[in-house]
$ cat start-v3.csv   # CSV, C-alpha atoms
chain,number,residue,atom,x,y,z
A,10,MET,CA,-14.6,-10.2,-1.7
A,11,ILE,CA,-12.2,-9.8,1.2
A,12,ILE,CA,-11.0,-11.9,4.1
A,13,LEU,CA,-9.3,-10.0,6.9
A,14,ASN,CA,-7.0,-11.7,9.3
A,15,GLN,CA,-4.2,-11.2,11.8
A,16,PRO,CA,-1.9,-9.5,12.4
A,17,TYR,CA,-2.9,-6.1,11.0
A,18,VAL,CA,-5.5,-4.2,9.0
A,19,SER,CA,-4.6,-0.7,7.9
A,20,GLN,CA,-7.0,2.2,7.9
A,21,ILE,CA,-6.6,2.5,4.2
A,22,LEU,CA,-7.9,-1.0,3.7
A,23,GLU,CA,-10.7,-0.6,6.2
A,24,ASP,CA,-11.9,2.6,4.6
A,25,THR,CA,-11.6,1.1,1.1
A,26,ILE,CA,-13.9,-1.7,2.1
A,27,ALA,CA,-16.5,0.6,3.6
A,28,GLN,CA,-16.5,3.1,0.8
A,29,ASN,CA,-16.8,0.4,-1.9
A,30,ASN,CA,-19.1,-1.9,0.1
A,31,TYR,CA,-16.8,-4.9,-0.6
A,32,PRO,CA,-18.2,-8.1,1.1
A,33,VAL,CA,-16.0,-9.2,4.1
A,34,LEU,CA,-16.0,-12.6,5.8
A,35,ASN,CA,-17.4,-12.2,9.3
A,36,ASN,CA,-14.6,-13.7,11.4
A,37,THR,CA,-12.8,-12.9,14.6
A,38,ALA,CA,-10.2,-10.7,12.9
A,39,SER,CA,-12.9,-8.6,11.2
A,40,GLU,CA,-14.2,-7.6,14.6
A,41,GLU,CA,-10.8,-7.3,16.5
A,42,LEU,CA,-8.8,-5.5,13.9
A,43,THR,CA,-11.3,-3.0,12.6
A,44,THR,CA,-12.9,0.1,14.0
A,45,ARG,CA,-15.6,0.9,11.5
A,46,LYS,CA,-19.1,-0.4,12.1
A,47,ASP,CA,-20.3,-0.1,8.5
A,48,LEU,CA,-18.3,-3.0,7.0
A,49,PRO,CA,-20.6,-5.4,5.0
A,50,LEU,CA,-19.9,-8.6,6.9
A,51,LEU,CA,-21.0,-12.0,5.6
A,52,SER,CA,-21.3,-15.4,7.4
A,53,ASP,CA,-19.2,-18.3,6.3
A,54,LYS,CA,-22.1,-19.7,4.3
A,55,ALA,CA,-23.1,-16.5,2.7
A,56,PHE,CA,-19.5,-15.6,1.8
A,57,THR,CA,-18.9,-19.1,0.3
A,58,GLU,CA,-22.1,-18.9,-1.7
A,59,ALA,CA,-21.2,-15.5,-3.1
A,60,ILE,CA,-17.9,-17.0,-4.3
A,61,ARG,CA,-19.6,-20.0,-5.8
A,62,ASN,CA,-22.0,-17.8,-7.7
A,63,LYS,CA,-19.3,-15.8,-9.5
A,64,LYS,CA,-17.9,-17.0,-12.8
A,65,LEU,CA,-14.4,-15.7,-11.8
A,66,PRO,CA,-14.5,-14.8,-8.1
A,67,LEU,CA,-12.0,-12.0,-7.1
A,68,LEU,CA,-10.9,-12.7,-3.6
A,69,TYR,CA,-8.2,-10.8,-1.6
A,70,THR,CA,-6.9,-11.3,1.8
A,71,ASN,CA,-4.5,-9.1,3.8
A,72,SER,CA,-2.9,-12.1,5.6
A,73,GLU,CA,-1.9,-15.6,4.8
A,74,ASP,CA,-3.6,-16.7,8.1
A,75,SER,CA,-6.7,-16.8,5.8
A,76,ILE,CA,-5.2,-19.7,3.8
A,77,GLU,CA,-6.6,-22.3,6.1
A,78,TRP,CA,-10.1,-21.0,5.7
A,79,ILE,CA,-9.8,-20.8,2.0
A,80,THR,CA,-8.4,-24.4,1.8
A,81,GLN,CA,-11.3,-25.8,3.9
A,82,ASN,CA,-14.2,-23.8,2.4
A,83,LEU,CA,-13.3,-23.1,-1.3
A,84,ARG,CA,-12.3,-26.5,-2.6
A,85,PHE,CA,-14.8,-26.0,-5.5
A,86,THR,CA,-12.4,-23.4,-6.9
A,87,ARG,CA,-8.8,-23.6,-8.0
A,88,LEU,CA,-7.6,-21.3,-5.2
A,89,PRO,CA,-6.4,-24.1,-2.8
A,90,GLU,CA,-4.5,-25.7,-5.5
A,91,LEU,CA,-2.8,-22.5,-6.7
A,92,ILE,CA,-2.1,-21.4,-3.1
A,93,MET,CA,-0.1,-24.5,-2.5
A,94,VAL,CA,1.8,-24.2,-5.8
A,95,PHE,CA,3.2,-20.9,-4.5
A,96,LYS,CA,3.3,-21.5,-0.7
A,97,ASN,CA,5.4,-24.6,-1.2
A,98,LYS,CA,8.7,-23.3,-2.6
A,99,ALA,CA,9.9,-26.6,-3.8
A,100,ARG,CA,6.6,-27.2,-5.7
A,101,PHE,CA,6.9,-23.7,-7.2
A,102,ARG,CA,10.4,-24.5,-8.4
A,103,GLU,CA,9.1,-27.6,-10.1
A,104,ARG,CA,6.4,-25.8,-11.9
A,105,ILE,CA,8.8,-23.2,-13.4
A,106,ARG,CA,11.7,-25.6,-13.9
A,107,SER,CA,11.4,-25.3,-17.7
A,108,MET,CA,12.2,-21.6,-17.3
A,109,TYR,CA,15.3,-22.3,-15.2
A,110,PRO,CA,16.5,-25.8,-16.1
A,111,ASP,CA,19.9,-25.4,-14.5
A,112,PHE,CA,18.8,-23.9,-11.2
A,113,PHE,CA,19.8,-25.9,-8.1
A,114,PHE,CA,17.2,-26.7,-5.4
A,115,LYS,CA,16.6,-29.6,-3.1
A,116,GLU,CA,13.9,-30.2,-0.6
A,117,VAL,CA,14.7,-32.1,2.6
A,118,SER,CA,12.8,-33.0,5.7
A,119,PHE,CA,13.8,-31.5,9.0
A,120,GLU,CA,14.6,-35.0,10.4
A,121,LYS,CA,17.1,-35.7,7.5
A,122,LEU,CA,19.0,-32.4,7.7
A,123,ASP,CA,21.7,-34.1,9.8
A,124,GLN,CA,22.0,-36.9,7.3
A,125,LEU,CA,23.1,-34.6,4.4
A,126,ARG,CA,26.8,-34.9,3.7
A,127,SER,CA,28.1,-31.4,4.2
A,128,GLN,CA,31.0,-31.9,1.9
A,129,THR,CA,28.8,-32.6,-1.1
A,130,LEU,CA,26.6,-29.6,-0.8
A,131,PRO,CA,27.0,-26.8,-3.4
A,132,TYR,CA,28.2,-23.8,-1.4
A,133,PRO,CA,27.1,-21.1,-1.0
A,134,PHE,CA,23.4,-21.7,-0.8
A,135,ILE,CA,20.4,-20.6,1.2
A,136,ILE,CA,18.1,-22.7,3.3
A,137,LYS,CA,14.5,-21.8,4.3
A,138,PRO,CA,11.3,-23.5,5.2
A,139,SER,CA,9.5,-24.9,2.2
A,140,VAL,CA,6.4,-23.1,3.4
A,141,GLY,CA,7.2,-19.8,5.1
A,142,PHE,CA,7.3,-16.0,5.0
A,143,PHE,CA,8.8,-12.8,6.6
A,144,SER,CA,12.4,-14.2,6.4
A,145,ILE,CA,11.7,-16.6,9.3
A,146,GLY,CA,14.0,-19.6,9.4
A,147,VAL,CA,16.1,-18.3,6.5
A,148,HIS,CA,19.9,-18.7,6.5
A,149,VAL,CA,22.8,-18.3,4.1
A,150,VAL,CA,25.4,-21.1,4.3
A,151,ASN,CA,28.8,-20.4,2.9
A,152,ASN,CA,30.7,-23.6,3.8
A,153,ALA,CA,30.6,-26.9,5.7
A,154,SER,CA,31.4,-25.5,9.1
A,155,GLU,CA,28.6,-23.0,8.8
A,156,TRP,CA,26.2,-25.8,7.7
A,157,GLU,CA,26.6,-27.5,11.1
A,158,LYS,CA,25.9,-24.3,12.9
A,159,VAL,CA,22.9,-23.5,10.8
A,160,VAL,CA,21.4,-27.0,11.4
A,161,ALA,CA,21.8,-26.5,15.1
A,162,LYS,CA,20.1,-23.1,14.9
A,163,LEU,CA,17.2,-24.4,12.8
A,164,LYS,CA,16.5,-27.0,15.5
A,165,SER,CA,16.1,-24.3,18.1
A,166,GLU,CA,13.9,-22.2,15.7
A,167,THR,CA,11.6,-24.9,14.4
A,168,ASP,CA,9.6,-25.2,17.6
A,169,SER,CA,8.7,-21.5,17.6
A,170,LEU,CA,7.6,-21.7,14.0
A,171,GLY,CA,4.8,-24.1,14.8
A,172,ARG,CA,3.8,-22.1,17.9
A,173,ASN,CA,3.5,-18.7,16.2
A,174,PHE,CA,2.0,-19.5,12.8
A,175,PRO,CA,-0.5,-21.9,11.2
A,176,GLY,CA,1.0,-24.8,9.2
A,177,GLU,CA,-0.5,-23.3,6.0
A,178,VAL,CA,1.6,-20.2,6.5
A,179,ILE,CA,4.9,-21.5,7.8
A,180,ASN,CA,6.0,-25.1,8.3
A,181,GLY,CA,9.3,-26.2,9.7
A,182,SER,CA,9.0,-29.9,8.8
A,183,ASN,CA,10.5,-29.4,5.3
A,184,PHE,CA,13.2,-27.1,4.1
A,185,ILE,CA,14.4,-26.1,0.7
A,186,LEU,CA,18.1,-25.7,-0.2
A,187,GLU,CA,18.7,-23.6,-3.2
A,188,GLU,CA,21.5,-21.8,-4.9
A,189,ILE,CA,22.3,-18.2,-4.0
A,190,ILE,CA,20.6,-15.9,-6.4
A,191,PRO,CA,22.8,-12.9,-7.2
A,192,GLY,CA,21.8,-9.4,-7.8
A,193,ASP,CA,19.4,-6.8,-6.3
A,194,GLU,CA,16.1,-8.0,-4.7
A,195,TYR,CA,12.7,-6.6,-5.6
A,196,ALA,CA,9.2,-7.2,-4.2
A,197,VAL,CA,6.3,-6.8,-6.6
A,198,ASP,CA,2.5,-6.5,-6.0
A,199,ILE,CA,0.6,-7.8,-9.0
A,200,TYR,CA,-2.6,-9.4,-10.1
A,201,TYR,CA,-3.6,-11.5,-13.1
A,202,ASP,CA,-6.8,-10.2,-14.8
A,203,LYS,CA,-9.6,-12.3,-16.1
A,204,ASN,CA,-7.7,-12.8,-19.4
A,205,GLY,CA,-4.5,-13.9,-17.6
A,206,LYS,CA,-2.6,-10.6,-18.2
A,207,PRO,CA,-0.3,-9.6,-15.3
A,208,VAL,CA,-1.0,-6.1,-13.9
A,209,ILE,CA,1.8,-4.6,-11.8
A,210,LEU,CA,0.7,-2.3,-9.0
A,211,ASN,CA,3.9,-1.7,-7.2
A,212,ILE,CA,7.7,-2.5,-7.4
A,213,LEU,CA,9.8,-2.2,-4.2
A,214,LYS,CA,13.5,-2.6,-4.0
A,215,HIS,CA,14.6,-4.5,-0.9
A,216,LEU,CA,17.7,-2.9,0.6
A,217,PHE,CA,20.2,-5.0,2.7
A,218,SER,CA,22.9,-3.9,5.1
A,219,SER,CA,25.4,-6.7,4.0
A,220,ALA,CA,25.6,-9.8,1.9
A,221,GLU,CA,24.6,-11.9,4.9
A,222,ASP,CA,21.6,-9.8,5.8
A,223,VAL,CA,18.2,-11.5,5.3
A,224,SER,CA,16.1,-9.0,7.2
A,225,ASP,CA,13.1,-7.0,6.0
A,226,ARG,CA,14.3,-3.6,7.4
A,227,VAL,CA,14.0,-1.2,4.3
A,228,TYR,CA,12.0,-1.3,1.1
A,229,ILE,CA,12.0,1.6,-1.3
A,230,THR,CA,10.2,2.6,-4.5
A,231,SER,CA,10.6,5.5,-7.0
A,232,LYS,CA,10.0,6.6,-10.5
A,233,GLN,CA,13.4,5.2,-11.5
A,234,ILE,CA,12.7,1.8,-10.0
A,235,ILE,CA,9.3,1.5,-11.8
A,236,GLU,CA,10.6,2.6,-15.2
A,237,GLU,CA,13.7,0.4,-15.0
A,238,HIS,CA,11.8,-2.8,-14.3
A,239,ILE,CA,8.2,-2.6,-15.3
A,240,GLU,CA,8.7,-4.1,-18.8
A,241,SER,CA,11.0,-7.0,-17.9
A,242,PHE,CA,9.0,-8.0,-14.8
A,243,THR,CA,5.8,-7.9,-16.9
A,244,GLN,CA,7.4,-10.2,-19.5
A,245,PHE,CA,8.5,-12.7,-16.9
A,246,LEU,CA,5.1,-12.7,-15.2
A,247,SER,CA,3.3,-13.3,-18.5
A,248,LYS,CA,5.4,-16.5,-19.0
A,249,MET,CA,4.8,-17.7,-15.5
A,250,GLY,CA,1.1,-17.0,-15.7
A,251,ASP,CA,0.8,-19.0,-18.9
A,252,LEU,CA,2.6,-22.0,-17.3
A,253,ILE,CA,0.3,-22.0,-14.2
A,254,GLU,CA,-2.8,-20.7,-16.0
A,255,LEU,CA,-3.5,-17.8,-13.7
A,256,ARG,CA,-6.7,-15.7,-13.8
A,257,GLY,CA,-8.1,-13.2,-11.4
A,258,PHE,CA,-5.3,-13.9,-8.9
A,259,PRO,CA,-3.4,-11.5,-6.7
A,260,MET,CA,0.1,-12.1,-5.4
A,261,HIS,CA,3.2,-10.6,-3.9
A,262,ILE,CA,6.3,-11.9,-5.7
A,263,GLU,CA,10.0,-11.4,-4.9
A,264,PHE,CA,12.7,-11.4,-7.6
A,265,ARG,CA,16.5,-11.1,-7.8
A,266,VAL,CA,17.9,-9.3,-10.8
A,267,ASP,CA,21.6,-9.6,-11.7
A,268,SER,CA,23.8,-7.2,-13.6
A,269,ASN,CA,22.7,-8.7,-16.9
A,270,ASN,CA,19.0,-8.0,-16.0
A,271,HIS,CA,18.5,-11.8,-15.6
A,272,ILE,CA,15.4,-12.3,-13.5
A,273,ILE,CA,14.9,-15.2,-11.1
A,274,PRO,CA,11.9,-15.4,-8.7
A,275,ILE,CA,12.7,-16.0,-5.0
A,276,GLU,CA,9.2,-16.8,-3.8
A,277,VAL,CA,5.5,-16.0,-4.3
A,278,ASN,CA,3.0,-15.1,-1.6
A,279,PRO,CA,-0.5,-15.9,-3.0
A,280,MET,CA,-3.8,-14.1,-2.4
A,281,ARG,CA,-2.3,-11.0,-1.0
A,282,PHE,CA,0.0,-8.1,-1.7
A,283,ALA,CA,2.9,-7.0,0.6
A,284,GLY,CA,2.1,-8.2,4.1
A,285,TRP,CA,1.0,-6.2,7.2
A,286,CYS,CA,-0.7,-3.9,4.6
A,287,VAL,CA,2.6,-2.2,3.8
A,288,THR,CA,1.4,-2.5,0.2
A,289,ASP,CA,-0.2,0.8,1.0
A,290,ILE,CA,3.1,2.4,0.0
A,291,ALA,CA,1.7,2.4,-3.5
A,292,TRP,CA,-0.9,4.9,-2.3
A,293,TYR,CA,1.7,7.3,-0.9
A,294,ALA,CA,4.1,7.0,-3.8
A,295,PHE,CA,1.8,6.8,-6.8
A,296,GLY,CA,-1.8,7.4,-5.6
A,297,ILE,CA,-2.7,3.7,-6.3
A,298,ASN,CA,-5.2,2.0,-4.0
A,299,VAL,CA,-4.1,-1.5,-4.7
A,300,TYR,CA,-7.3,-3.1,-3.2
A,301,GLU,CA,-9.5,-1.1,-5.5
A,302,PHE,CA,-7.3,-1.7,-8.5
A,303,PHE,CA,-7.5,-5.5,-8.1
A,304,LEU,CA,-11.2,-5.8,-7.1
A,305,GLU,CA,-12.3,-3.3,-9.8
A,306,GLN,CA,-9.7,-4.8,-12.3
A,307,LYS,CA,-8.2,-1.4,-13.0
A,308,GLN,CA,-4.7,-1.0,-14.6
A,309,PRO,CA,-2.3,1.8,-13.7
A,310,ASP,CA,-1.3,4.0,-16.6
A,311,TRP,CA,2.3,4.2,-15.6
A,312,ASN,CA,3.2,6.7,-18.3
A,313,VAL,CA,0.7,9.2,-16.8
A,314,ILE,CA,1.5,8.3,-13.2
A,315,LEU,CA,5.2,8.8,-13.5
A,316,LYS,CA,5.1,11.8,-15.9
A,317,ASP,CA,5.4,14.5,-13.3
A,318,LYS,CA,7.3,12.5,-10.6
A,319,ASN,CA,10.8,13.6,-9.6
A,320,ASP,CA,13.6,11.5,-8.1
A,321,ASP,CA,12.1,11.3,-4.6
A,322,ILE,CA,12.4,7.9,-2.8
A,323,PHE,CA,9.4,6.4,-1.0
A,324,SER,CA,10.3,4.0,1.8
A,325,MET,CA,8.8,1.5,4.1
A,326,VAL,CA,10.9,0.8,7.2
A,327,VAL,CA,10.3,-2.2,9.5
A,328,ALA,CA,11.5,-1.2,13.0
A,329,ASP,CA,12.5,-4.6,14.5
A,330,LEU,CA,13.7,-4.9,18.0
A,331,PRO,CA,17.5,-5.6,18.7
A,332,LYS,CA,18.1,-9.3,19.3
A,333,ASP,CA,20.3,-8.7,22.3
A,334,ILE,CA,17.7,-6.8,24.4
A,335,PRO,CA,15.0,-8.8,26.3
A,336,VAL,CA,11.6,-7.4,25.5
A,337,ASP,CA,10.8,-7.1,29.2
A,338,ASN,CA,13.7,-4.7,29.6
A,339,ILE,CA,12.0,-2.2,27.3
A,340,LYS,CA,10.0,0.4,29.2
A,341,LYS,CA,8.6,2.1,26.1
A,342,ILE,CA,9.4,3.3,22.6
A,343,ASP,CA,10.2,6.8,21.7
A,344,TYR,CA,7.9,6.9,18.7
A,345,GLU,CA,8.2,10.6,18.1
A,346,LYS,CA,12.0,10.4,17.9
A,347,PHE,CA,11.7,7.6,15.4
A,348,ARG,CA,9.1,9.4,13.3
A,349,THR,CA,11.0,12.6,13.1
A,350,TYR,CA,14.2,10.9,12.1
A,351,PHE,CA,12.8,10.8,8.6
A,352,GLU,CA,12.8,13.8,6.3
A,353,ASP,CA,9.1,13.5,5.4
A,354,PRO,CA,7.3,10.9,7.6
A,355,LEU,CA,4.0,10.0,5.9
A,356,GLU,CA,2.5,7.5,8.3
A,357,LEU,CA,3.7,5.8,11.4
A,358,ARG,CA,2.0,2.5,12.3
A,359,LYS,CA,2.7,1.4,15.9
A,360,ILE,CA,3.0,-2.3,16.5
A,361,ASP,CA,2.7,-4.4,19.6
A,362,TYR,CA,6.4,-5.1,19.9
A,363,LYS,CA,6.0,-7.6,22.8
A,364,LYS,CA,3.9,-9.8,20.6
A,365,HIS,CA,5.6,-9.3,17.2
A,366,GLY,CA,9.2,-8.2,17.9
A,367,VAL,CA,8.6,-5.1,15.7
A,368,PHE,CA,7.6,-1.8,17.2
A,369,ALA,CA,6.6,0.1,14.0
A,370,PHE,CA,6.2,0.3,10.3
A,371,GLN,CA,7.1,3.8,9.0
A,372,PHE,CA,6.3,5.2,5.5
A,373,ALA,CA,8.4,8.1,4.4
A,374,ARG,CA,9.4,10.3,1.5
A,375,THR,CA,13.1,11.1,1.2
A,376,SER,CA,14.6,13.4,-1.4
A,377,TYR,CA,17.4,11.8,-3.4
A,378,LYS,CA,20.0,14.0,-1.9
A,379,ASN,CA,19.1,12.8,1.6
A,380,ARG,CA,19.1,9.1,0.8
A,381,LYS,CA,21.9,8.5,3.3
A,382,LEU,CA,19.1,8.7,6.0
A,383,LEU,CA,17.8,5.3,4.7
A,384,GLU,CA,21.3,3.8,4.5
A,385,ASP,CA,21.9,4.8,8.1
A,386,ILE,CA,18.6,3.4,9.4
A,387,LEU,CA,19.4,0.2,7.6
A,388,GLN,CA,22.6,-0.2,9.5
A,389,SER,CA,21.2,1.0,12.9
A,390,ASP,CA,20.4,-1.4,15.7
A,391,LEU,CA,17.5,1.1,16.6
A,392,LYS,CA,18.5,1.1,20.3
A,393,GLU,CA,18.4,4.9,20.3
A,394,PHE,CA,14.6,4.7,20.0
A,395,LEU,CA,14.2,2.4,23.0
A,396,ILE,CA,13.7,3.6,26.6
A,397,LEU,CA,14.9,0.8,28.9
$ encode --input "start-v3.csv" --output "structure tokens"
Amino acid sequence: MIILNQPYVSQILEDTIAQNNYPVLNNTASEELTTRKDLPLLSDKAFTEAIRNKKLPLLYTNSEDSIEWITQNLRFTRLPELIMVFKNKARFRERIRSMYPDFFFKEVSFEKLDQLRSQTLPYPFIIKPSVGFFSIGVHVVNNASEWEKVVAKLKSETDSLGRNFPGEVINGSNFILEEIIPGDEYAVDIYYDKNGKPVILNILKHLFSSAEDVSDRVYITSKQIIEEHIESFTQFLSKMGDLIELRGFPMHIEFRVDSNNHIIPIEVNPMRFAGWCVTDIAWYAFGINVYEFFLEQKQPDWNVILKDKNDDIFSMVVADLPKDIPVDNIKKIDYEKFRTYFEDPLELRKIDYKKHGVFAFQFARTSYKNRKLLEDILQSDLKEFLIL
């Protein structure tokens, strides 16, 4: 069972639905974002009844815009409850507190941000919406003077949060302050099977240009990344799954891993894998169709998959617009120049940059010896690809 929604449906997802005859909710997005005419669409009523008649319904959505529909129509399942456990970062921290009893976090309403005594806050820390995604409204605060500036910036950002996203997806009314989690950041696509076993489909390392960077520019995966973390991530996910009693549930979870291999989750995005269908990098890197693997409850044999892999790096690059150039000043994007920047461009997905502030998602293969290409694109302002 699949619910499609804004902002993007990849051709891989669309073809997978048609080839496997997976039932899809007949909504506006299923018409606007797809090109195939052979998708098995079901009305709200038929889709709901199909879920009701399954002992353990397997439901996937490509976008958290679907959360509102799930919350309103599937209250007879545990899905609305589980979604809010993960979407509300403060609630999630409470549920796993026993795993991290000394971890600092504090939830505060937007109206009371000014009332917090800046001198008493445990710097450095990070602040972000309690309900949110895509690094929106996320800020690192190193000292009291920065705190005042961040509060002022959040005030200007909060209005746009409500205008651009549903409240179930992102909400600027409450924020969570939490201690800085040291180490490298990883994003993992997983599902829990009918027995509660976590099945990892993908591990992406999130690269940053600096300690202050909170953007989503570059994610990479490789044989080395999978082999280094598959065991420890699976162990953590097993403990978390037992605490929350997860069954037949897909998610995209982000971790920080320090030099001692200590794992701390950052956040969980329920009911989906990596957003904007960029989870498809698993197909390019490892031949894994994540949608089929979840809905058919298949498990990757990583020993077999990685056996003949070399040290190539597979990347997904988010081409966001420079903040200092008004979008109306952009005549067009030189997509060919951007695509051919990469050693082995696998797929270029053009995005409506006037609407989303991102002009492309690029999948690529890079040999280890040419990894500086990814380091350079991480530092770039991307202005060289804009025609003004």
$ residues_around --input "start-v3.csv" --residues "segment 185-187 of chain A" --least-positions-apart "5" --cutoff "10 Å" --atoms "all atoms listed in the file" --output "number ranges by chain"
A: 97-99, 102, 112-119, 130-140, 147-150, 275
$ write_last_selection --input "start-v3.csv" --atoms "C-alpha atoms" --output "mmCIF file, in the frame of the given file"
data_model
loop_
_atom_site.group_PDB
_atom_site.id
_atom_site.type_symbol
_atom_site.label_atom_id
_atom_site.label_comp_id
_atom_site.auth_asym_id
_atom_site.auth_seq_id
_atom_site.Cartn_x
_atom_site.Cartn_y
_atom_site.Cartn_z
ATOM 1 C CA ASN A 97 5.400 -24.600 -1.200
ATOM 2 C CA LYS A 98 8.700 -23.300 -2.600
ATOM 3 C CA ALA A 99 9.900 -26.600 -3.800
ATOM 4 C CA ARG A 102 10.400 -24.500 -8.400
ATOM 5 C CA PHE A 112 18.800 -23.900 -11.200
ATOM 6 C CA PHE A 113 19.800 -25.900 -8.100
ATOM 7 C CA PHE A 114 17.200 -26.700 -5.400
ATOM 8 C CA LYS A 115 16.600 -29.600 -3.100
ATOM 9 C CA GLU A 116 13.900 -30.200 -0.600
ATOM 10 C CA VAL A 117 14.700 -32.100 2.600
ATOM 11 C CA SER A 118 12.800 -33.000 5.700
ATOM 12 C CA PHE A 119 13.800 -31.500 9.000
ATOM 13 C CA LEU A 130 26.600 -29.600 -0.800
ATOM 14 C CA PRO A 131 27.000 -26.800 -3.400
ATOM 15 C CA TYR A 132 28.200 -23.800 -1.400
ATOM 16 C CA PRO A 133 27.100 -21.100 -1.000
ATOM 17 C CA PHE A 134 23.400 -21.700 -0.800
ATOM 18 C CA ILE A 135 20.400 -20.600 1.200
ATOM 19 C CA ILE A 136 18.100 -22.700 3.300
ATOM 20 C CA LYS A 137 14.500 -21.800 4.300
ATOM 21 C CA PRO A 138 11.300 -23.500 5.200
ATOM 22 C CA SER A 139 9.500 -24.900 2.200
ATOM 23 C CA VAL A 140 6.400 -23.100 3.400
ATOM 24 C CA VAL A 147 16.100 -18.300 6.500
ATOM 25 C CA HIS A 148 19.900 -18.700 6.500
ATOM 26 C CA VAL A 149 22.800 -18.300 4.100
ATOM 27 C CA VAL A 150 25.400 -21.100 4.300
ATOM 28 C CA ILE A 275 12.700 -16.000 -5.000
#
$ atom_distance --input "start-v3.csv" --atom1 "atom CA of Ser224 of chain A" --atom2 "atom CA of Asp390 of chain A"
12.2 Å
$ residues_around --input "start-v3.csv" --residues "Val227 of chain A" --least-positions-apart "3" --cutoff "7 Å" --atoms "all atoms listed in the file" --output "ChimeraX atom specification"
/A:215-216,324-327,387
$ residues_around --input "start-v3.csv" --residues "Tyr344 of chain A" --least-positions-apart "3" --cutoff "8 Å" --atoms "all atoms listed in the file" --output "ChimeraX atom specification"
/A:347-348,394
$ residues_around --input "start-v3.csv" --residues "Leu315 of chain A" --least-positions-apart "6" --cutoff "9 Å" --atoms "only C-alpha atoms" --output "VMD selection string"
chain A and resid 232 235 to 236 295
$ atom_distance --input "start-v3.csv" --atom1 "atom CA of Asn36 of chain A" --atom2 "atom CA of Glu73 of chain A"
14.4 Å
$ atom_distance --input "start-v3.csv" --atom1 "atom CA of Ile76 of chain A" --atom2 "atom CA of Glu41 of chain A"
18.6 Å
$ closest_residue --input "start-v3.csv" --among "A:Val159, A:Leu210, A:Ile229, A:Ile253" --to "Arg380 of chain A" --atoms "all atoms listed in the file"
A:Ile229
$ residues_around --input "start-v3.csv" --residues "segment 200-205 of chain A" --least-positions-apart "2" --cutoff "12 Å" --atoms "only C-alpha atoms" --output "VMD selection string"
chain A and resid 64 to 69 197 to 198 207 to 211 243 246 to 262 277 to 282 299 to 309
$ closest_residue --input "start-v3.csv" --among "A:Lys162, A:Arg87, A:His271, A:Arg374" --to "Arg61 of chain A" --atoms "only C-alpha atoms"
A:Arg87
$ closest_residue --input "start-v3.csv" --among "A:Ile273, A:Leu330, A:Leu83, A:Ile60" --to "Tyr109 of chain A" --atoms "all atoms listed in the file"
A:Ile273
$ closest_residue --input "start-v3.csv" --among "A:Glu240, A:Gly366, A:Asn338, A:Phe372" --to "Ala294 of chain A" --atoms "all atoms listed in the file"
A:Phe372
$ decode --input "start-v3.csv" --residues "segment 32-40 of chain A" --atoms "N, CA, C and O atoms" --output "PDB file, in the first residue's frame"
ATOM      1  N   PRO A  32      -1.254  -1.155  -4.571  1.00  0.00           N
ATOM      2  CA  PRO A  32      -2.376  -0.206  -4.467  1.00  0.00           C
ATOM      3  C   PRO A  32      -1.893   1.173  -4.030  1.00  0.00           C
ATOM      4  O   PRO A  32      -1.066   1.299  -3.122  1.00  0.00           O
ATOM      5  N   VAL A  33      -2.431   2.213  -4.678  1.00  0.00           N
ATOM      6  CA  VAL A  33      -2.047   3.599  -4.410  1.00  0.00           C
ATOM      7  C   VAL A  33      -3.299   4.412  -4.101  1.00  0.00           C
ATOM      8  O   VAL A  33      -4.328   4.265  -4.777  1.00  0.00           O
ATOM      9  N   LEU A  34      -3.208   5.263  -3.093  1.00  0.00           N
ATOM     10  CA  LEU A  34      -4.321   6.148  -2.774  1.00  0.00           C
ATOM     11  C   LEU A  34      -4.545   7.133  -3.923  1.00  0.00           C
ATOM     12  O   LEU A  34      -3.600   7.785  -4.381  1.00  0.00           O
ATOM     13  N   ASN A  35      -5.769   7.229  -4.352  1.00  0.00           N
ATOM     14  CA  ASN A  35      -6.113   8.150  -5.446  1.00  0.00           C
ATOM     15  C   ASN A  35      -6.295   9.554  -4.867  1.00  0.00           C
ATOM     16  O   ASN A  35      -7.364   9.908  -4.369  1.00  0.00           O
ATOM     17  N   ASN A  36      -5.241  10.339  -4.913  1.00  0.00           N
ATOM     18  CA  ASN A  36      -5.295  11.715  -4.428  1.00  0.00           C
ATOM     19  C   ASN A  36      -4.749  12.653  -5.506  1.00  0.00           C
ATOM     20  O   ASN A  36      -4.387  12.221  -6.597  1.00  0.00           O
ATOM     21  N   THR A  37      -4.697  13.928  -5.205  1.00  0.00           N
ATOM     22  CA  THR A  37      -4.245  14.911  -6.186  1.00  0.00           C
ATOM     23  C   THR A  37      -2.816  14.632  -6.638  1.00  0.00           C
ATOM     24  O   THR A  37      -2.499  14.706  -7.829  1.00  0.00           O
ATOM     25  N   ALA A  38      -1.957  14.285  -5.688  1.00  0.00           N
ATOM     26  CA  ALA A  38      -0.545  14.048  -6.022  1.00  0.00           C
ATOM     27  C   ALA A  38      -0.371  12.850  -6.949  1.00  0.00           C
ATOM     28  O   ALA A  38       0.491  12.852  -7.828  1.00  0.00           O
ATOM     29  N   SER A  39      -1.186  11.809  -6.774  1.00  0.00           N
ATOM     30  CA  SER A  39      -1.056  10.632  -7.619  1.00  0.00           C
ATOM     31  C   SER A  39      -1.370  10.952  -9.074  1.00  0.00           C
ATOM     32  O   SER A  39      -0.928  10.247  -9.985  1.00  0.00           O
ATOM     33  N   GLU A  40      -2.106  12.013  -9.300  1.00  0.00           N
ATOM     34  CA  GLU A  40      -2.410  12.456 -10.664  1.00  0.00           C
ATOM     35  C   GLU A  40      -1.388  13.464 -11.175  1.00  0.00           C
ATOM     36  O   GLU A  40      -0.942  13.390 -12.315  1.00  0.00           O
TER      37      GLU A  40
END
